[in-house]
file run16.pdb (PDB, C-alpha atoms and all ligand atoms)
ATOM      1  CA  MET A   8       0.000   0.000   0.000
ATOM      2  CA  PHE A   9       1.304   3.466  -0.891
ATOM      3  CA  VAL A  10       0.489   6.326   1.488
ATOM      4  CA  PHE A  11      -0.606   9.432  -0.471
ATOM      5  CA  LYS A  12      -2.013  11.271   2.530
ATOM      6  CA  ALA A  13      -1.623  10.733   6.273
ATOM      7  CA  ALA A  14      -2.921  12.176   9.531
ATOM      8  CA  VAL A  15      -1.600  12.493  13.060
ATOM      9  CA  VAL A  16      -4.029  12.785  15.988
ATOM     10  CA  GLY A  17      -2.601  14.549  19.036
ATOM     11  CA  ALA A  18      -0.148  17.454  18.583
ATOM     12  CA  GLY A  19       1.718  17.139  21.898
ATOM     13  CA  VAL A  20       5.280  16.116  22.701
ATOM     14  CA  MET A  21       5.220  13.452  19.968
ATOM     15  CA  GLY A  22       2.543  14.455  17.450
ATOM     16  CA  GLY A  23       4.083  17.682  16.086
ATOM     17  CA  GLU A  24       7.382  15.960  15.365
ATOM     18  CA  ILE A  25       5.729  12.866  13.887
ATOM     19  CA  ALA A  26       3.829  15.131  11.462
ATOM     20  CA  GLN A  27       7.144  16.845  10.641
ATOM     21  CA  VAL A  28       8.804  13.506   9.836
ATOM     22  CA  ILE A  29       5.929  12.514   7.543
ATOM     23  CA  ALA A  30       5.811  15.901   5.765
ATOM     24  CA  ALA A  31       9.596  15.877   5.321
ATOM     25  CA  ALA A  32       9.109  12.698   3.263
ATOM     26  CA  ASP A  33       6.704  14.636   1.007
ATOM     27  CA  VAL A  34       3.560  12.944   2.278
ATOM     28  CA  PRO A  35       0.822  15.534   2.982
ATOM     29  CA  VAL A  36      -0.346  15.196   6.581
ATOM     30  CA  LEU A  37      -3.178  16.500   8.760
ATOM     31  CA  LEU A  38      -2.313  17.329  12.387
ATOM     32  CA  LYS A  39      -5.321  17.227  14.713
ATOM     33  CA  ASP A  40      -5.708  18.237  18.342
ATOM     34  CA  VAL A  41      -8.647  19.285  20.477
ATOM     35  CA  ASP A  42      -8.085  23.041  20.308
ATOM     36  CA  GLN A  43      -6.366  25.472  17.970
ATOM     37  CA  GLU A  44      -3.722  26.558  20.487
ATOM     38  CA  LEU A  45      -2.455  22.987  20.787
ATOM     39  CA  VAL A  46      -2.523  22.550  17.002
ATOM     40  CA  ASP A  47      -0.521  25.776  16.606
ATOM     41  CA  ALA A  48       2.032  24.581  19.174
ATOM     42  CA  GLY A  49       2.446  21.352  17.175
ATOM     43  CA  LEU A  50       2.896  23.293  13.927
ATOM     44  CA  ALA A  51       5.428  25.611  15.610
ATOM     45  CA  LYS A  52       7.379  22.587  16.817
ATOM     46  CA  ALA A  53       7.417  21.130  13.284
ATOM     47  CA  ARG A  54       8.726  24.452  11.945
ATOM     48  CA  ALA A  55      11.411  24.752  14.643
ATOM     49  CA  VAL A  56      12.621  21.193  14.039
ATOM     50  CA  THR A  57      12.816  21.729  10.271
ATOM     51  CA  GLU A  58      14.650  25.042  10.716
ATOM     52  CA  GLY A  59      17.150  23.309  12.997
ATOM     53  CA  GLN A  60      17.721  20.566  10.427
ATOM     54  CA  VAL A  61      18.334  22.921   7.499
ATOM     55  CA  ARG A  62      20.515  25.266   9.594
ATOM     56  CA  LYS A  63      22.976  22.417  10.090
ATOM     57  CA  LEU A  64      23.067  21.753   6.333
ATOM     58  CA  VAL A  65      23.634  25.467   5.597
ATOM     59  CA  GLU A  66      26.475  25.597   8.155
ATOM     60  CA  LYS A  67      28.120  22.612   6.455
ATOM     61  CA  GLY A  68      27.777  24.322   3.081
ATOM     62  CA  LYS A  69      25.451  21.598   1.786
ATOM     63  CA  LEU A  70      22.433  23.842   1.285
ATOM     64  CA  SER A  71      22.058  27.494   0.261
ATOM     65  CA  GLU A  72      20.091  29.897   2.483
ATOM     66  CA  GLU A  73      17.482  30.169  -0.249
ATOM     67  CA  ALA A  74      17.091  26.394  -0.666
ATOM     68  CA  ALA A  75      16.940  26.025   3.120
ATOM     69  CA  GLN A  76      14.074  28.491   3.383
ATOM     70  CA  ALA A  77      12.260  26.754   0.514
ATOM     71  CA  GLN A  78      12.689  23.411   2.305
ATOM     72  CA  VAL A  79      11.218  24.777   5.536
ATOM     73  CA  GLU A  80       8.192  26.113   3.671
ATOM     74  CA  ARG A  81       7.779  22.848   1.743
ATOM     75  CA  VAL A  82       7.797  20.741   4.923
ATOM     76  CA  VAL A  83       5.654  23.053   7.065
ATOM     77  CA  GLY A  84       3.357  23.676   4.095
ATOM     78  CA  GLY A  85       2.759  19.922   3.887
ATOM     79  CA  ILE A  86       1.170  19.894   7.349
ATOM     80  CA  THR A  87      -2.438  21.037   7.733
ATOM     81  CA  GLY A  88      -3.524  21.788  11.281
ATOM     82  CA  THR A  89      -7.100  20.970  12.269
ATOM     83  CA  THR A  90      -9.387  20.541  15.256
ATOM     84  CA  SER A  91     -11.909  18.359  13.400
ATOM     85  CA  TYR A  92     -12.034  15.172  11.348
ATOM     86  CA  ASP A  93     -12.851  17.128   8.171
ATOM     87  CA  GLY A  94     -10.259  16.045   5.650
ATOM     88  CA  PHE A  95      -9.844  12.547   7.103
ATOM     89  CA  GLY A  96     -12.098  11.108   4.356
ATOM     90  CA  ASP A  97      -9.220  10.378   1.983
ATOM     91  CA  VAL A  98      -6.309   9.531   4.287
ATOM     92  CA  ASP A  99      -4.471   6.233   3.839
ATOM     93  CA  LEU A 100      -2.784   6.067   7.235
ATOM     94  CA  VAL A 101      -3.280   7.675  10.654
ATOM     95  CA  VAL A 102      -0.851   7.810  13.575
ATOM     96  CA  GLU A 103      -2.603   8.366  16.904
ATOM     97  CA  ALA A 104      -0.484  10.206  19.525
ATOM     98  CA  VAL A 105      -2.984  11.075  22.267
ATOM     99  CA  PRO A 106      -2.369  10.466  26.010
ATOM    100  CA  GLU A 107      -1.385   6.976  27.167
ATOM    101  CA  ARG A 108      -4.789   6.022  28.546
ATOM    102  CA  MET A 109      -6.838   3.185  27.079
ATOM    103  CA  GLU A 110     -10.163   5.054  27.365
ATOM    104  CA  VAL A 111      -8.752   8.001  25.360
ATOM    105  CA  LYS A 112      -7.270   5.659  22.739
ATOM    106  CA  HIS A 113     -10.614   3.826  22.464
ATOM    107  CA  ALA A 114     -12.564   7.047  21.928
ATOM    108  CA  VAL A 115     -10.122   8.230  19.248
ATOM    109  CA  PHE A 116      -9.993   4.888  17.409
ATOM    110  CA  ALA A 117     -13.806   4.682  17.307
ATOM    111  CA  GLU A 118     -13.852   8.211  15.815
ATOM    112  CA  LEU A 119     -11.116   7.316  13.328
ATOM    113  CA  ASP A 120     -13.029   4.208  12.279
ATOM    114  CA  ALA A 121     -15.971   6.440  11.363
ATOM    115  CA  ALA A 122     -13.967   9.301   9.810
ATOM    116  CA  THR A 123     -11.470   7.458   7.573
ATOM    117  CA  PRO A 124     -11.997   5.365   4.416
ATOM    118  CA  GLY A 125     -12.286   1.594   4.870
ATOM    119  CA  HIS A 126      -8.860   0.906   3.359
ATOM    120  CA  ALA A 127      -7.002   3.235   5.776
ATOM    121  CA  VAL A 128      -4.619   1.676   8.293
ATOM    122  CA  LEU A 129      -4.701   3.037  11.853
ATOM    123  CA  ALA A 130      -1.546   3.183  13.962
ATOM    124  CA  SER A 131      -1.054   3.911  17.641
ATOM    125  CA  ASN A 132       2.125   5.499  18.968
ATOM    126  CA  THR A 133       1.399   3.895  22.341
ATOM    127  CA  SER A 134       4.437   3.243  24.523
ATOM    128  CA  GLY A 135       3.128  -0.102  25.635
ATOM    129  CA  LEU A 136      -0.659  -0.509  25.701
ATOM    130  CA  SER A 137      -2.231  -3.537  24.029
ATOM    131  CA  ILE A 138      -2.742  -3.070  20.278
ATOM    132  CA  THR A 139      -5.331  -5.857  20.332
ATOM    133  CA  GLU A 140      -7.344  -3.931  22.917
ATOM    134  CA  ILE A 141      -7.001  -0.639  21.018
ATOM    135  CA  GLY A 142      -8.165  -2.385  17.826
ATOM    136  CA  ASP A 143     -11.297  -3.615  19.632
ATOM    137  CA  ALA A 144     -12.693  -0.075  19.404
ATOM    138  CA  THR A 145     -12.876  -0.403  15.598
ATOM    139  CA  GLN A 146     -14.618  -2.519  12.962
ATOM    140  CA  ARG A 147     -11.202  -3.054  11.358
ATOM    141  CA  PRO A 148      -8.848  -4.560  13.958
ATOM    142  CA  ASP A 149      -6.941  -6.184  11.071
ATOM    143  CA  LYS A 150      -5.859  -2.673  10.017
ATOM    144  CA  VAL A 151      -4.738  -1.522  13.492
ATOM    145  CA  PHE A 152      -1.080  -1.690  14.549
ATOM    146  CA  GLY A 153       1.475  -0.173  16.883
ATOM    147  CA  PHE A 154       3.895   2.318  15.334
ATOM    148  CA  HIS A 155       6.111   3.382  18.210
ATOM    149  CA  PHE A 156       8.310   6.402  17.573
ATOM    150  CA  PHE A 157      10.849   7.501  20.191
ATOM    151  CA  TRP A 158      11.477  10.965  21.553
ATOM    152  CA  PRO A 159      12.612  13.107  19.792
ATOM    153  CA  ALA A 160      10.764  11.627  16.819
ATOM    154  CA  SER A 161      12.508  13.898  14.299
ATOM    155  CA  ARG A 162      15.908  12.506  15.291
ATOM    156  CA  MET A 163      15.405   8.962  16.565
ATOM    157  CA  ARG A 164      15.450   6.576  13.622
ATOM    158  CA  LEU A 165      13.944   3.498  15.253
ATOM    159  CA  ILE A 166      10.249   2.633  15.056
ATOM    160  CA  GLU A 167       8.759  -0.435  16.726
ATOM    161  CA  VAL A 168       6.055  -2.003  14.557
ATOM    162  CA  VAL A 169       3.683  -3.974  16.773
ATOM    163  CA  GLU A 170       1.050  -6.429  15.605
ATOM    164  CA  GLY A 171      -2.035  -7.107  17.686
ATOM    165  CA  ASP A 172      -3.775 -10.493  17.593
ATOM    166  CA  GLU A 173      -5.947  -9.348  14.681
ATOM    167  CA  THR A 174      -3.418  -7.272  12.725
ATOM    168  CA  SER A 175      -3.147  -8.692   9.185
ATOM    169  CA  ALA A 176       0.114  -9.523   7.440
ATOM    170  CA  GLU A 177      -0.756  -6.880   4.781
ATOM    171  CA  THR A 178      -1.092  -4.210   7.484
ATOM    172  CA  ALA A 179       2.209  -5.171   9.112
ATOM    173  CA  GLN A 180       3.866  -5.016   5.699
ATOM    174  CA  ALA A 181       2.314  -1.593   5.017
ATOM    175  CA  ALA A 182       3.682  -0.380   8.368
ATOM    176  CA  MET A 183       7.209  -1.587   7.567
ATOM    177  CA  THR A 184       7.074   0.026   4.114
ATOM    178  CA  PHE A 185       5.727   3.332   5.449
ATOM    179  CA  ALA A 186       8.449   3.454   8.118
ATOM    180  CA  GLN A 187      11.037   3.197   5.342
ATOM    181  CA  GLN A 188       9.164   5.764   3.211
ATOM    182  CA  ILE A 189       9.591   8.289   6.049
ATOM    183  CA  ARG A 190      13.276   7.340   6.424
ATOM    184  CA  LYS A 191      13.019   5.409   9.676
ATOM    185  CA  VAL A 192      14.311   1.995  10.682
ATOM    186  CA  PRO A 193      11.446  -0.333  11.635
ATOM    187  CA  ILE A 194      11.756  -3.372  13.859
ATOM    188  CA  ARG A 195       8.924  -5.784  14.560
ATOM    189  CA  ALA A 196       8.175  -6.060  18.266
ATOM    190  CA  ALA A 197       5.963  -8.531  20.074
ATOM    191  CA  GLU A 198       2.803  -7.244  21.711
ATOM    192  CA  CYS A 199       3.684  -7.027  25.401
ATOM    193  CA  PRO A 200       3.753  -4.114  27.864
ATOM    194  CA  GLY A 201       6.663  -1.838  26.894
ATOM    195  CA  PHE A 202       7.430  -3.813  23.721
ATOM    196  CA  VAL A 203      11.244  -4.114  23.351
ATOM    197  CA  VAL A 204      12.871  -0.739  23.947
ATOM    198  CA  ASN A 205      10.860   0.504  26.928
ATOM    199  CA  ARG A 206      11.292  -2.842  28.686
ATOM    200  CA  ILE A 207      15.030  -2.335  28.515
ATOM    201  CA  LEU A 208      15.226   1.447  28.949
ATOM    202  CA  LEU A 209      12.722   1.731  31.770
ATOM    203  CA  SER A 210      14.321  -1.068  33.779
ATOM    204  CA  THR A 211      17.574   0.914  33.677
ATOM    205  CA  ALA A 212      15.823   4.215  34.442
ATOM    206  CA  SER A 213      13.953   2.489  37.290
ATOM    207  CA  GLU A 214      17.236   1.765  39.057
ATOM    208  CA  ALA A 215      18.281   5.430  38.819
ATOM    209  CA  TRP A 216      14.865   6.615  40.052
ATOM    210  CA  ARG A 217      14.840   4.102  42.917
ATOM    211  CA  TYR A 218      18.365   5.072  43.926
ATOM    212  CA  GLN A 219      17.451   8.779  43.956
ATOM    213  CA  ASP A 220      14.376   8.199  46.120
ATOM    214  CA  GLU A 221      16.355   5.997  48.549
ATOM    215  CA  SER A 222      19.540   8.050  48.779
ATOM    216  CA  GLY A 223      18.181  11.578  48.382
ATOM    217  CA  VAL A 224      21.153  12.467  46.154
ATOM    218  CA  SER A 225      20.241  15.471  44.011
ATOM    219  CA  VAL A 226      18.567  14.875  40.675
ATOM    220  CA  GLU A 227      21.021  17.235  38.955
ATOM    221  CA  GLU A 228      24.037  15.400  40.417
ATOM    222  CA  LEU A 229      22.715  11.984  39.455
ATOM    223  CA  ASP A 230      21.807  13.143  35.933
ATOM    224  CA  GLU A 231      25.299  14.605  35.482
ATOM    225  CA  LEU A 232      26.967  11.448  36.782
ATOM    226  CA  ILE A 233      24.991   9.119  34.524
ATOM    227  CA  LYS A 234      25.433  11.417  31.550
ATOM    228  CA  GLU A 235      29.220  11.494  32.022
ATOM    229  CA  ARG A 236      29.749   7.830  32.883
ATOM    230  CA  ALA A 237      27.399   6.382  30.282
ATOM    231  CA  GLN A 238      28.245   9.037  27.667
ATOM    232  CA  LEU A 239      24.585   9.826  27.125
ATOM    233  CA  PRO A 240      23.241  13.137  25.800
ATOM    234  CA  MET A 241      21.237  13.603  29.024
ATOM    235  CA  GLY A 242      20.466  11.883  32.307
ATOM    236  CA  PRO A 243      17.214  10.029  33.124
ATOM    237  CA  PHE A 244      15.519  12.887  34.989
ATOM    238  CA  ARG A 245      16.073  15.382  32.182
ATOM    239  CA  VAL A 246      14.884  12.791  29.640
ATOM    240  CA  ALA A 247      11.733  12.347  31.738
ATOM    241  CA  ASP A 248      11.232  16.140  31.813
ATOM    242  CA  MET A 249      11.522  16.347  28.032
ATOM    243  CA  SER A 250       9.240  13.345  27.468
ATOM    244  CA  GLY A 251       6.511  14.658  29.801
ATOM    245  CA  LEU A 252       6.380  13.501  33.425
ATOM    246  CA  ASP A 253       2.693  12.519  33.200
ATOM    247  CA  THR A 254       3.463  10.164  30.317
ATOM    248  CA  VAL A 255       6.575   8.757  32.012
ATOM    249  CA  VAL A 256       4.753   8.094  35.304
ATOM    250  CA  LYS A 257       1.853   6.410  33.473
ATOM    251  CA  VAL A 258       4.172   4.200  31.412
ATOM    252  CA  ALA A 259       6.284   3.324  34.493
ATOM    253  CA  GLN A 260       3.116   2.463  36.429
ATOM    254  CA  ASP A 261       1.871   0.243  33.574
ATOM    255  CA  MET A 262       5.229  -1.532  33.487
ATOM    256  CA  GLN A 263       5.205  -2.084  37.251
ATOM    257  CA  ASP A 264       1.631  -3.431  37.069
ATOM    258  CA  ALA A 265       2.701  -5.838  34.316
ATOM    259  CA  TYR A 266       6.133  -6.956  35.568
ATOM    260  CA  GLY A 267       6.290  -6.088  39.264
ATOM    261  CA  ASP A 268       9.219  -4.610  41.178
ATOM    262  CA  ARG A 269      11.683  -4.715  38.288
ATOM    263  CA  PHE A 270      10.043  -1.413  37.406
ATOM    264  CA  TYR A 271       9.751   1.577  39.688
ATOM    265  CA  VAL A 272       7.588   4.690  39.852
ATOM    266  CA  HIS A 273       9.655   7.594  41.218
ATOM    267  CA  ARG A 274       7.844   9.195  44.174
ATOM    268  CA  GLY A 275       9.087  12.723  43.502
ATOM    269  CA  MET A 276       8.027  12.438  39.863
ATOM    270  CA  GLN A 277       4.552  11.300  40.841
ATOM    271  CA  GLU A 278       4.218  14.275  43.216
ATOM    272  CA  LYS A 279       5.280  16.677  40.493
ATOM    273  CA  VAL A 280       2.590  15.294  38.174
ATOM    274  CA  GLU A 281      -0.005  15.787  40.919
ATOM    275  CA  ARG A 282       1.113  19.448  41.187
ATOM    276  CA  GLY A 283       0.832  19.912  37.401
ATOM    277  CA  GLU A 284       4.608  20.109  36.933
ATOM    278  CA  LEU A 285       4.863  17.998  33.794
ATOM    279  CA  GLY A 286       8.353  18.911  32.583
ATOM    280  CA  ALA A 287       9.177  20.876  29.424
ATOM    281  CA  LYS A 288       5.581  20.916  28.198
ATOM    282  CA  SER A 289       4.364  22.818  31.286
ATOM    283  CA  GLY A 290       7.566  24.861  31.742
ATOM    284  CA  LYS A 291       8.670  23.150  34.969
ATOM    285  CA  GLY A 292       9.519  19.639  36.067
ATOM    286  CA  PHE A 293      12.806  18.600  37.661
ATOM    287  CA  TYR A 294      14.262  21.527  35.715
ATOM    288  CA  GLU A 295      12.970  24.938  34.620
ATOM    289  CA  HIS A 296      12.191  25.197  30.902
ATOM    290  CA  ALA A 297      11.965  28.465  28.994
TER     291      ALA A 297
HETATM  292  N1  LIG B   1       6.514  11.584  25.299
HETATM  293  C1  LIG B   1       7.309  10.607  24.876
HETATM  294  O1  LIG B   1       8.524  10.631  25.071
HETATM  295  C2  LIG B   1       6.722   9.449  24.114
HETATM  296  C3  LIG B   1       7.600   8.607  23.393
HETATM  297  C4  LIG B   1       7.060   7.565  22.650
HETATM  298  C5  LIG B   1       5.696   7.348  22.660
HETATM  299  N2  LIG B   1       4.878   8.151  23.379
HETATM  300  C6  LIG B   1       3.432   7.898  23.330
HETATM  301  O2  LIG B   1       2.841   8.822  22.427
HETATM  302  C7  LIG B   1       1.510   9.122  22.859
HETATM  303  C8  LIG B   1       1.389  10.624  23.013
HETATM  304  O3  LIG B   1       2.322  11.054  23.988
HETATM  305  P1  LIG B   1       2.749  12.579  24.119
HETATM  306  O4  LIG B   1       3.923  12.571  25.010
HETATM  307  O5  LIG B   1       2.844  13.225  22.778
HETATM  308  O6  LIG B   1       1.481  13.153  24.907
HETATM  309  P2  LIG B   1       1.070  14.673  25.164
HETATM  310  O7  LIG B   1       0.269  14.682  26.396
HETATM  311  O8  LIG B   1       2.254  15.572  25.047
HETATM  312  O9  LIG B   1       0.147  15.007  23.908
HETATM  313  C9  LIG B   1      -1.089  14.385  23.688
HETATM  314  C10 LIG B   1      -1.947  15.335  22.869
HETATM  315  O10 LIG B   1      -3.144  14.649  22.490
HETATM  316  C11 LIG B   1      -4.187  15.593  22.524
HETATM  317  N3  LIG B   1      -5.476  14.923  22.543
HETATM  318  C12 LIG B   1      -6.129  14.355  23.570
HETATM  319  N4  LIG B   1      -7.312  13.850  23.151
HETATM  320  C13 LIG B   1      -7.394  14.098  21.813
HETATM  321  C14 LIG B   1      -8.378  13.848  20.810
HETATM  322  N5  LIG B   1      -9.512  13.221  21.105
HETATM  323  N6  LIG B   1      -8.130  14.280  19.547
HETATM  324  C15 LIG B   1      -6.979  14.934  19.261
HETATM  325  N7  LIG B   1      -6.021  15.203  20.167
HETATM  326  C16 LIG B   1      -6.230  14.794  21.428
HETATM  327  C17 LIG B   1      -3.887  16.428  23.775
HETATM  328  O11 LIG B   1      -4.580  17.660  23.739
HETATM  329  C18 LIG B   1      -2.370  16.577  23.670
HETATM  330  O12 LIG B   1      -1.990  17.744  22.970
HETATM  331  C19 LIG B   1       1.289   8.331  24.146
HETATM  332  O13 LIG B   1       0.657   7.123  23.823
HETATM  333  C20 LIG B   1       2.711   8.087  24.638
HETATM  334  O14 LIG B   1       2.814   6.949  25.466
HETATM  335  C21 LIG B   1       5.356   9.226  24.093
END

call {"tool": "encode", "arguments": {"input": "run16.pdb", "output": "structure tokens", "more": "lines below"}}
Ligand SMILES: NC(=O)c1ccc[n+]([C@@H]2O[C@H](COP(=O)([O-])OP(=O)(O)OC[C@H]3O[C@@H](n4cnc5c(N)ncnc54)[C@H](O)[C@@H]3O)[C@@H](O)[C@H]2O)c1
result
Amino acid sequence: MFVFKAAVVGAGVMGGEIAQVIAAADVPVLLKDVDQELVDAGLAKARAVTEGQVRKLVEKGKLSEEAAQAQVERVVGGITGTTSYDGFGDVDLVVEAVPERMEVKHAVFAELDAATPGHAVLASNTSGLSITEIGDATQRPDKVFGFHFFWPASRMRLIEVVEGDETSAETAQAAMTFAQQIRKVPIRAAECPGFVVNRILLSTASEAWRYQDESGVSVEELDELIKERAQLPMGPFRVADMSGLDTVVKVAQDMQDAYGDRFYVHRGMQEKVERGELGAKSGKGFYEHA
């Protein structure tokens, strides 16, 4: 199946960048959220990411200023922001990126089932919820699959392609092909909480979170130590801030429910979420964000 037009539902931490990745591959894409301000924030993120990408090429002498500007307009111009399902009648593929709660996913998939043509395939960017259960909200569970991007979606090349019990072989193939069309590297992952990457990454992060809660060592110090020793671009608390603390706490809780004490929910992080301190997206988490 060739994707001539796509849509992304949810313009938050992930959705704006996912739309950017799709538009950068010259596939026109709708970006939907529940109100215009959120849509505009997603579009602004897509523009900022594209500008950052072309700036690097200009600095290396690989792109002229003029061509860079044209590229930004081409990519951003390929994304149409919306707060409704108007325009979903001729999409071939949708990526859902709404909050990690099954009842929200169910509501959105039921709406997508009604709004999109019968041939369209419907993907969830879920970090670990059951694709089979998400597909139950539709009349086309054979066309529902997991398509798990990683933060930041514009830079991370890996995508986990997850088949639910009902996902057809044709749909899984379409997912693999689309991932390559948008210049990503797909791997097929089994349907289980956390799939492959989050099972590994969150078990490591859990140890750092547990240690911080137990020892009281400062978050900044621990982040710096891990960053230096493991040669990572940032430590686990800053990564959590950038990913959205509400999402991280929910995913960590789901993993603990599924696998027990191997996974840990950081107490301080949970308290921050209760206070509305969600990290970069709310301006404050473990760190202040401009
Ligand atoms: N944040 C990460 O690092 C990360 C990484 C990989 C996967 N994910 C997954 O991606 C999904 C989205 O996560 P996020 O971090 O972007 O969340 P987010 O909270 O930043 O954004 C979710 C967006 O969905 C919107 N939304 C809610 N209901 C909607 C509806 N009915 N229609 C349209 N928009 C709606 C919200 O207004 C919000 O803007 C989750 O399933 C999450 O587990 C997140």

call {"tool": "resolve_selection", "arguments": {"input": "run16.pdb", "expression": "the PyMOL selection byres (((not hetatm)) within 8 of (chain B and resi 1))", "output": "number ranges by chain"}}
result
A: 16-22, 39-42, 45-46, 90, 103-108, 111, 114-115, 131-136, 155-160, 247, 249-251, 253-255, 258, 288

call {"tool": "closest_residue", "arguments": {"input": "run16.pdb", "among": "A:Ile29, A:Thr139, A:Lys69, A:Val169", "to": "Arg195 in chain A", "atoms": "all atoms listed in the file"}}
result
A:Val169

call {"tool": "resolve_selection", "arguments": {"input": "run16.pdb", "expression": "the PyMOL selection byres (((chain A and resi 210-219) around 8) and not hetatm)", "output": "list in words"}}
result
Asn205, Arg206, Ile207, Leu208, Leu209, Asp220, Glu221, Ser222, Gly223, Val224, Ser225, Val226, Leu229, Pro243, Arg269, Phe270, Tyr271, Val272 and His273 of chain A

call {"tool": "write_last_selection", "arguments": {"input": "run16.pdb", "atoms": "C-alpha atoms", "output": "mmCIF file, in the coordinates of the input"}}
result
data_model
loop_
_atom_site.group_PDB
_atom_site.id
_atom_site.type_symbol
_atom_site.label_atom_id
_atom_site.label_comp_id
_atom_site.auth_asym_id
_atom_site.auth_seq_id
_atom_site.Cartn_x
_atom_site.Cartn_y
_atom_site.Cartn_z
ATOM 1 C CA ASN A 205 10.860 0.504 26.928
ATOM 2 C CA ARG A 206 11.292 -2.842 28.686
ATOM 3 C CA ILE A 207 15.030 -2.335 28.515
ATOM 4 C CA LEU A 208 15.226 1.447 28.949
ATOM 5 C CA LEU A 209 12.722 1.731 31.770
ATOM 6 C CA ASP A 220 14.376 8.199 46.120
ATOM 7 C CA GLU A 221 16.355 5.997 48.549
ATOM 8 C CA SER A 222 19.540 8.050 48.779
ATOM 9 C CA GLY A 223 18.181 11.578 48.382
ATOM 10 C CA VAL A 224 21.153 12.467 46.154
ATOM 11 C CA SER A 225 20.241 15.471 44.011
ATOM 12 C CA VAL A 226 18.567 14.875 40.675
ATOM 13 C CA LEU A 229 22.715 11.984 39.455
ATOM 14 C CA PRO A 243 17.214 10.029 33.124
ATOM 15 C CA ARG A 269 11.683 -4.715 38.288
ATOM 16 C CA PHE A 270 10.043 -1.413 37.406
ATOM 17 C CA TYR A 271 9.751 1.577 39.688
ATOM 18 C CA VAL A 272 7.588 4.690 39.852
ATOM 19 C CA HIS A 273 9.655 7.594 41.218
#

call {"tool": "atom_distance", "arguments": {"input": "run16.pdb", "atom1": "CA of Val246 in chain A", "atom2": "CA of Ile233 in chain A"}}
result
11.8 Å

call {"tool": "closest_residue", "arguments": {"input": "run16.pdb", "among": "A:Ala130, A:Met241, A:Leu100, A:Leu252", "to": "Glu227 in chain A", "atoms": "only C-alpha atoms"}}
result
A:Met241

call {"tool": "atom_distance", "arguments": {"input": "run16.pdb", "atom1": "CA of Ile189 in chain A", "atom2": "CA of Gly96 in chain A"}}
result
21.9 Å

call {"tool": "closest_residue", "arguments": {"input": "run16.pdb", "among": "A:Val256, A:Val102, A:Met109, A:Ile166", "to": "Gly275 in chain A", "atoms": "only C-alpha atoms"}}
result
A:Val256

call {"tool": "atom_distance", "arguments": {"input": "run16.pdb", "atom1": "CA of Tyr92 in chain A", "atom2": "CA of Gln43 in chain A"}}
result
13.5 Å

call {"tool": "resolve_selection", "arguments": {"input": "run16.pdb", "expression": "the PyMOL selection byres (((chain A and resi 148) around 12) and not hetatm)", "output": "JSON list (two decimals) with C-alpha atoms, in the frame of the given file"}}
result
[["chain", "number", "residue", "atom", "x", "y", "z"],
["A", 116, "PHE", "CA", -9.99, 4.89, 17.41],
["A", 117, "ALA", "CA", -13.81, 4.68, 17.31],
["A", 120, "ASP", "CA", -13.03, 4.21, 12.28],
["A", 125, "GLY", "CA", -12.29, 1.59, 4.87],
["A", 126, "HIS", "CA", -8.86, 0.91, 3.36],
["A", 127, "ALA", "CA", -7.00, 3.24, 5.78],
["A", 128, "VAL", "CA", -4.62, 1.68, 8.29],
["A", 129, "LEU", "CA", -4.70, 3.04, 11.85],
["A", 130, "ALA", "CA", -1.55, 3.18, 13.96],
["A", 138, "ILE", "CA", -2.74, -3.07, 20.28],
["A", 139, "THR", "CA", -5.33, -5.86, 20.33],
["A", 140, "GLU", "CA", -7.34, -3.93, 22.92],
["A", 141, "ILE", "CA", -7.00, -0.64, 21.02],
["A", 142, "GLY", "CA", -8.16, -2.38, 17.83],
["A", 143, "ASP", "CA", -11.30, -3.62, 19.63],
["A", 144, "ALA", "CA", -12.69, -0.08, 19.40],
["A", 145, "THR", "CA", -12.88, -0.40, 15.60],
["A", 146, "GLN", "CA", -14.62, -2.52, 12.96],
["A", 147, "ARG", "CA", -11.20, -3.05, 11.36],
["A", 149, "ASP", "CA", -6.94, -6.18, 11.07],
["A", 150, "LYS", "CA", -5.86, -2.67, 10.02],
["A", 151, "VAL", "CA", -4.74, -1.52, 13.49],
["A", 152, "PHE", "CA", -1.08, -1.69, 14.55],
["A", 153, "GLY", "CA", 1.48, -0.17, 16.88],
["A", 170, "GLU", "CA", 1.05, -6.43, 15.60],
["A", 171, "GLY", "CA", -2.04, -7.11, 17.69],
["A", 172, "ASP", "CA", -3.78, -10.49, 17.59],
["A", 173, "GLU", "CA", -5.95, -9.35, 14.68],
["A", 174, "THR", "CA", -3.42, -7.27, 12.72],
["A", 175, "SER", "CA", -3.15, -8.69, 9.18],
["A", 178, "THR", "CA", -1.09, -4.21, 7.48]]
